[in-house]
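Working notes for the structure below.
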Amino acid sequence: MLKNLLFLLLIAFLGNSYAQYWQQQVDYRIDVKLDDKTHRLYGEIAFDYLNNAPSTLDSLYIHVWPNAYKNGNSALAKQLEGEGKKLSTIDTAKLGSMSALAFKINGSAVSWSYHPKHEDIVIIKLAQPLAPGKSLTLTTPFIVKIPSGSISRLGHIGQSYQITQWYPKPAVFDHKGWHPIPYLNQGEFYSEYGSFDVSITVPKNYVVGATGELQNSTEASFLDSLAQDTKIRMSEIIALPGGTLRDSFPPSASEWKTLRYMQDKVHDFAWFADKRYKVLKGSVKLPESGRNVTTWALFTPANALNWQNAIEYINDGTYYYSKWNGDYPYSAVTAVDGTISAGGGMEYPMITVIGNASTARELEVVIVHEVGHNWFYGILGSNERQHGWMDEGMNTANEMRYVATKYPDNQDLSDMVLGGKLHLNDLDHHDMGDIFYRFLAVVDADQPIETHSADFSSANYGAIMYQKTGLIFQYLRNYLGDELYDQCMHRYYELYQFKHPYPEDMQRVVEGVSGRKLDWLFGDLIQTTNIIDYKIKKAQRVEPLNTYTVKVKNKGSVAGPIGVSSLDKAGNILETQWTNPTDTRSTLIFKGNPAINEFAIDPNRNIPELNRSNNRILVNKALFKKLEPRKLEFMLGDHEANKTNVFWTPMMAFNHSDRTMLGVAVHNFGLPFKPVQYFISPMFSFGRKTVGGVAEISKTCFPTHGARSIKTGISIKSFGIDDDPNGQRQSYYLAATPYLKFNLVSDTRPKGYANDLTIKALIRRDIFPTDMSTEYGAKINQTMQWNKAKFSYESQMQLEGVIGYQDQVFDQANVIRISTSQQVKINYLDRKMTREFKLRLYGGFNLAYNPGSSYYNSMGRYSISMFGTAGYQDVFAENYFFNRATVYGVQYTDDMGGFRTGSNNLRMSNYWASTVNATIQLPIQPNMFVAFADFGVYDNGVGVAALYNAGLGINLGDIVGVYFPLVQSVNMGDLYQNYKTSIRLTLRFNPFNLPYKLSTLLK
Ligand SMILES: [Zn+2]
């Protein structure tokens, strides 16, 4: 009773805030003719603009978005440049524009101007301000030059037309003010509701799909006859050969037809015209009202195989979205086949365009997603540019639910990767988003869901705005239960259909209907990159009461509810209980049940949790175990829910001393990420006739305070050092480096900022034919990075110390060094190609230095090298070297002095050194060719010496470099005497850090 009373009060409250709501009304009349020879639209538009705002308007902002395609200066062009598409260099015939504009208001010409920054926005100063409750009529002719369909959403591919965002249209004015926005590819729209009356004139043999209800009965019978024909001839159409069918258009009829479409309560109008379209027609009965909606599929013969059941997909999508959110309000739904560049599909009111799909299932998911946008975009008209998750994310939540409802046993992700060849065993449709999001979050490359569309990295635009939102609303649905969740969504739909809801409106409705505080969702999960990690601590049977006490803990930074289930041996859920969202530690009481085999947090992966390895506890009579059966698989795969997956990968290596090494790696590098990772790779050395290799084990944890993540691990390596001419005894090393790595970036960091602190220790044994040595060392390194689109900065500070002992001569050597490197990268070209300039400063100072009296001093093992670390100087065994026997090698790591020259003259200091290294990518294709110059000063023991060199090189990422010096200072010797030794190779490769490398690419 109390709950009901509260509910009524809430409804009264919701009703109250709803009463103050207002929005503008725009009613359009458009006449347009398609010239399919010159690819132009000739149009006349008139719209009535009714000011429902409580304030007077003195200007209007009008979007004329075809101008986004006009040249390289538009916001669209600048965004596409970042993706490697340059509007400034493509053939002008492929560009688009809007011209012939001559605005009149209530019949009188007005003065207007383009927005100072955006030629796709027009500003009209109103001679007579528009008072509240008053309306005006704006008219103008317009000509659209239709751009190539390969650029973005508006376009044509041959005579296939996708006419979208094509007419002058006012920006939204709402209670937050005007929202004039330039057209973008990554970033969607915001439009006023109203009515459309559009007349489209095209050559008679075009098949047209459009927003709105068709008014011409002859055209309606033409479409019906096409649908009849397609249905009868379907197998024949599928069997038609491809190629010419796809690409050739029948000649255009000389006669014309004018099609009229009318529609109320929509905020946009799009149309698609193609002479090749085949047509399927269907109908779906809505779940609540029982009303029938007509469904249409328009597709080219080349795609008939995948499209033959498209009506089923459109019908099912319309049915389920109606059921879960509220009935579809319009009379028709259309999906058309089109080759657009903006993702898999694009939504417009009542009509969607779908890109090429490789399988029928993929097509179904895209169609359902785009049809679903009728709810989240079409009917609930949020500001997509600003709060993209309100349409894309909410729609993805429904899409995930659709696939899980219709195909409960789907293995969509498993089937997708290499046709299911890898061991991806139980990954379903929702796991695509789950894995992608969690991967980005683990490597700290994610951004908050509530991010402006243009500020998202392209990886995050998909993984966060779409997928993470979908996942967290699946989490909410799991928490509330389907029934209550559906009530929330229905209420939101009733209150905000044909309106402009904001995030706070959605939160108010969902909290009001559910009666729960949802700050953990609308705050933590949407506004921040806070992470989820729940842990099951204990499950204890309480015999006298016949119950189980289960203790769980919230280890993450999201104050969310934890769902705990008891499961039987087959994995079926017996009972589920939820904790209170704000409790860090909770105790749940489960009824005793002899079938209980284990307790698990979120066994169906409905919570996008970073660490799922602490989610289960097995019940074995009185014994509780956290064990899972093991499974060994080839190469790579996924971590199945109730198994421990171990993978094995064949390994091969090569170096000077070991010759070829063959072996195997046993590891758990699978999907999704595991906090405990191991990689053990013993390899047989054909050079030394014994076993060497690498092993590394680490654990990553995500503390609530301080560091974002802490990785603890140990790396062990053993490789050969030198040839053994006598075959007596092999020289090799065995090094163990335990380490702690702190990711110190806070969740509120600016984008692209990184701060890592690594503390490392070293225990190392080197075995030589005549002697043995032992070294102990420690190293502290802090690396801070600041990455912007055209600029990046990296600052490194390092303190290291090593002490070494010779077994035979009881000799001791040591070094303590402090060093820093500062590096800046700037894009110096970005109009036609992106090329960067890199400047690095290095300074190193030995606080203590004792080379000892024997082996170490002869080779400068602890000296500061002007060249960078050679194999013999890689004391901490951090890199892979082809030759560790000598400093006179070809291969160096690009650290210390970083000189890009060979080694026919050693240049080292036992005291201090400082260098400047400049590298510029040459403005030629591809971007791997560089010019370099190095300058340095150092104390050579006698005095201060200066060196320089310069030359050309090849640089592949930051991983491999090959450098050819052309000039060098005289004190470096004669460059051309033995040129081969002047060529230098750098290699920076560590397979264990690959996920981090990937993360920097994704940033
Ligand atoms: Zn979408």
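Each chain in the structure tokens gets a letter, A, B and so on, in the order shown; residues start at 1 in every chain, and ligands are counted from 1 in the order they appear.
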
Go through the chains and note each residue within 12 Å of ligand 1, using only C-alpha atoms and all ligand atoms, then give the set as an MDAnalysis selection string. chainID A and resid 186:189 342:348 352:354 365:378 384 388:399 461:462 465:467 470

From stretch 99-307 of chain A, collect each residue whose DSSP state is helix (DSSP H, G or I) and return the set as a count of residues only. 33

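Counting only C-alpha atoms, the residue from A:Leu440, A:Ala273, A:Leu947, A:Val172 that sits nearest to A:Ile157 is A:Ala273.
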
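The spacing separating atom CA of A:Trp166 from atom CA of A:Lys145 amounts to 9.8 Å.
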
Quick one: everything within 7 Å of A:Thr660, counting only C-alpha atoms, minus sequence neighbours fewer than 6 positions away in the same chain. Send it as number ranges by chain. A: 653-654, 685-687

Within 12 Å of stretch 800-811 of chain A, counting only C-alpha atoms, which residues show up once you throw out same-chain ones fewer than 3 positions away? Write them as an MDAnalysis selection string, please. chainID A and resid 758:782 797 814:820 844:857 861:863 873:876

Of the listed residues A:Thr89, A:Gly720, A:Lys674, A:Ile954, that which approaches A:Met661 most closely, counting only C-alpha atoms: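 Distance minimum relative to A:Met661 lands on A:Gly720.
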
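When atom CA of A:Phe899 is paired with atom CA of A:Ala735, their separation reads 27.4 Å.
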
Do a neighbour search on stretch 521-533 of chain A at 10 Å with only C-alpha atoms, toss out local chain neighbours closer than 3 positions, and write the hits as a CSV table (one decimal) with N, CA and C atoms, in the first residue's frame.
```csv
chain,number,residue,atom,x,y,z
A,389,TRP,N,24.7,8.5,-25.9
A,389,TRP,CA,24.3,7.3,-25.3
A,389,TRP,C,22.8,7.2,-25.2
A,438,ARG,N,35.8,-3.9,-21.7
A,438,ARG,CA,36.7,-4.3,-20.6
A,438,ARG,C,38.1,-4.2,-21.0
A,441,ALA,N,39.0,-0.6,-20.8
A,441,ALA,CA,39.1,-0.1,-19.4
A,441,ALA,C,40.3,-0.6,-18.7
A,442,VAL,N,40.7,-1.9,-19.0
A,442,VAL,CA,41.8,-2.5,-18.3
A,442,VAL,C,43.1,-1.7,-18.7
A,444,ASP,N,43.1,1.3,-19.5
A,444,ASP,CA,42.9,2.6,-19.1
A,444,ASP,C,42.8,3.6,-20.4
A,445,ALA,N,42.2,3.0,-21.4
A,445,ALA,CA,42.0,3.8,-22.6
A,445,ALA,C,40.5,4.3,-22.8
A,446,ASP,N,39.7,4.0,-21.7
A,446,ASP,CA,38.3,4.3,-21.9
A,446,ASP,C,38.0,5.8,-21.5
A,447,GLN,N,36.9,6.3,-22.0
A,447,GLN,CA,36.4,7.6,-21.6
A,447,GLN,C,35.0,7.4,-21.0
A,448,PRO,N,34.5,8.5,-20.3
A,448,PRO,CA,33.2,8.3,-19.7
A,448,PRO,C,32.1,8.2,-20.8
A,449,ILE,N,31.0,7.5,-20.5
A,449,ILE,CA,29.9,7.4,-21.4
A,449,ILE,C,29.4,8.8,-21.8
A,450,GLU,N,29.3,9.7,-20.8
A,450,GLU,CA,28.8,11.1,-21.0
A,450,GLU,C,29.9,11.9,-21.5
A,451,THR,N,30.2,11.8,-22.8
A,451,THR,CA,31.3,12.5,-23.5
A,451,THR,C,30.7,13.0,-24.8
A,464,ILE,N,32.3,2.5,-25.9
A,464,ILE,CA,31.8,3.1,-24.6
A,464,ILE,C,30.3,3.6,-24.9
A,465,MET,N,30.2,4.5,-25.9
A,465,MET,CA,28.9,5.1,-26.1
A,465,MET,C,27.8,4.1,-26.4
A,468,LYS,N,29.2,0.0,-23.8
A,468,LYS,CA,29.1,0.1,-22.3
A,468,LYS,C,27.8,0.5,-21.9
A,469,THR,N,27.1,1.5,-22.6
A,469,THR,CA,25.8,1.9,-22.2
A,469,THR,C,24.8,0.7,-22.3
A,472,ILE,N,25.5,-1.5,-19.3
A,472,ILE,CA,25.0,-1.1,-17.9
A,472,ILE,C,23.5,-1.0,-17.8
A,473,PHE,N,22.8,-0.9,-18.9
A,473,PHE,CA,21.4,-0.9,-18.9
A,473,PHE,C,20.9,-2.4,-18.8
A,475,TYR,N,22.6,-4.5,-17.1
A,475,TYR,CA,22.9,-4.6,-15.6
A,475,TYR,C,21.7,-4.1,-14.8
A,476,LEU,N,21.2,-2.9,-15.2
A,476,LEU,CA,20.1,-2.3,-14.5
A,476,LEU,C,18.8,-3.2,-14.6
A,503,PRO,N,19.4,13.6,-20.0
A,503,PRO,CA,19.7,12.5,-19.1
A,503,PRO,C,19.0,12.7,-17.7
A,504,GLU,N,18.9,13.9,-17.2
A,504,GLU,CA,18.3,14.1,-15.9
A,504,GLU,C,16.8,13.7,-16.0
A,506,MET,N,15.6,11.3,-17.9
A,506,MET,CA,15.5,9.8,-17.8
A,506,MET,C,15.8,9.3,-16.4
A,507,GLN,N,16.8,9.9,-15.7
A,507,GLN,CA,17.1,9.4,-14.4
A,507,GLN,C,15.9,9.7,-13.5
A,517,LYS,N,17.3,4.7,-5.8
A,517,LYS,CA,18.3,5.7,-6.1
A,517,LYS,C,19.3,5.1,-7.1
A,518,LEU,N,19.5,5.7,-8.2
A,518,LEU,CA,20.4,5.1,-9.2
A,518,LEU,C,21.6,6.0,-9.5
A,553,LYS,N,32.1,-8.5,-1.3
A,553,LYS,CA,32.7,-7.2,-1.1
A,553,LYS,C,32.8,-6.5,-2.4
A,554,ASN,N,32.6,-5.2,-2.3
A,554,ASN,CA,32.7,-4.3,-3.5
A,554,ASN,C,34.1,-3.8,-3.5
A,555,LYS,N,35.0,-4.3,-4.4
A,555,LYS,CA,36.4,-3.9,-4.5
A,555,LYS,C,36.6,-2.8,-5.5
A,556,GLY,N,35.6,-2.4,-6.3
A,556,GLY,CA,35.8,-1.5,-7.4
A,556,GLY,C,35.5,0.0,-6.9
A,557,SER,N,35.3,0.9,-7.9
A,557,SER,CA,35.0,2.2,-7.6
A,557,SER,C,33.6,2.7,-8.0
A,558,VAL,N,32.7,1.7,-8.2
A,558,VAL,CA,31.3,2.0,-8.5
A,558,VAL,C,30.5,1.5,-7.4
A,559,ALA,N,29.6,2.3,-6.8
A,559,ALA,CA,28.8,1.9,-5.6
A,559,ALA,C,27.6,1.2,-6.1
A,560,GLY,N,27.7,0.1,-6.8
A,560,GLY,CA,26.6,-0.6,-7.5
A,560,GLY,C,26.1,-1.8,-6.7
A,561,PRO,N,24.9,-2.3,-7.0
A,561,PRO,CA,24.4,-3.5,-6.4
A,561,PRO,C,25.1,-4.8,-6.9
A,562,ILE,N,25.3,-5.8,-6.1
A,562,ILE,CA,25.9,-7.0,-6.5
A,562,ILE,C,24.9,-8.1,-6.5
A,607,ILE,N,26.9,-8.0,-15.8
A,607,ILE,CA,27.6,-6.8,-15.2
A,607,ILE,C,28.9,-6.7,-15.9
A,608,PRO,N,29.2,-5.5,-16.4
A,608,PRO,CA,30.5,-5.3,-17.1
A,608,PRO,C,31.6,-5.1,-16.1
A,609,GLU,N,32.0,-6.2,-15.5
A,609,GLU,CA,33.0,-6.2,-14.4
A,609,GLU,C,34.3,-6.4,-15.0
A,610,LEU,N,35.3,-5.7,-14.4
A,610,LEU,CA,36.7,-5.9,-15.0
A,610,LEU,C,37.3,-7.2,-14.6
A,611,ASN,N,37.1,-7.6,-13.4
A,611,ASN,CA,37.8,-8.8,-12.9
A,611,ASN,C,36.7,-9.8,-12.5
A,612,ARG,N,36.6,-10.8,-13.3
A,612,ARG,CA,35.5,-11.8,-12.9
A,612,ARG,C,36.2,-13.1,-12.3
A,613,SER,N,37.5,-13.0,-12.0
A,613,SER,CA,38.1,-14.2,-11.5
A,613,SER,C,37.8,-14.4,-10.0
A,614,ASN,N,37.3,-13.4,-9.4
A,614,ASN,CA,37.0,-13.6,-7.9
A,614,ASN,C,35.5,-13.7,-7.7
A,615,ASN,N,34.7,-14.2,-8.7
A,615,ASN,CA,33.3,-14.2,-8.6
A,615,ASN,C,32.6,-15.5,-8.2
A,701,CYS,N,45.8,-5.5,-10.0
A,701,CYS,CA,44.6,-5.2,-9.2
A,701,CYS,C,44.2,-3.8,-9.3
A,702,PHE,N,43.0,-3.5,-9.0
A,702,PHE,CA,42.5,-2.1,-9.2
A,702,PHE,C,42.0,-1.6,-7.8
A,703,PRO,N,42.9,-0.9,-7.1
A,703,PRO,CA,42.6,-0.4,-5.8
A,703,PRO,C,41.6,0.7,-5.9
A,704,THR,N,40.8,0.9,-4.8
A,704,THR,CA,39.8,1.9,-4.8
A,704,THR,C,40.4,3.3,-4.8
A,708,ARG,N,45.3,3.7,-10.2
A,708,ARG,CA,44.2,3.1,-10.9
A,708,ARG,C,44.4,1.6,-11.0
A,746,SER,N,44.5,9.2,-12.4
A,746,SER,CA,43.2,9.2,-11.7
A,746,SER,C,42.0,9.1,-12.8
A,747,ASP,N,40.9,8.7,-12.3
A,747,ASP,CA,39.7,8.6,-13.2
A,747,ASP,C,39.3,9.9,-13.8
A,748,THR,N,39.7,11.0,-13.1
A,748,THR,CA,39.2,12.3,-13.6
A,748,THR,C,40.3,13.0,-14.5
A,749,ARG,N,41.3,12.2,-14.9
A,749,ARG,CA,42.4,12.7,-15.6
A,749,ARG,C,41.9,13.3,-17.0
```
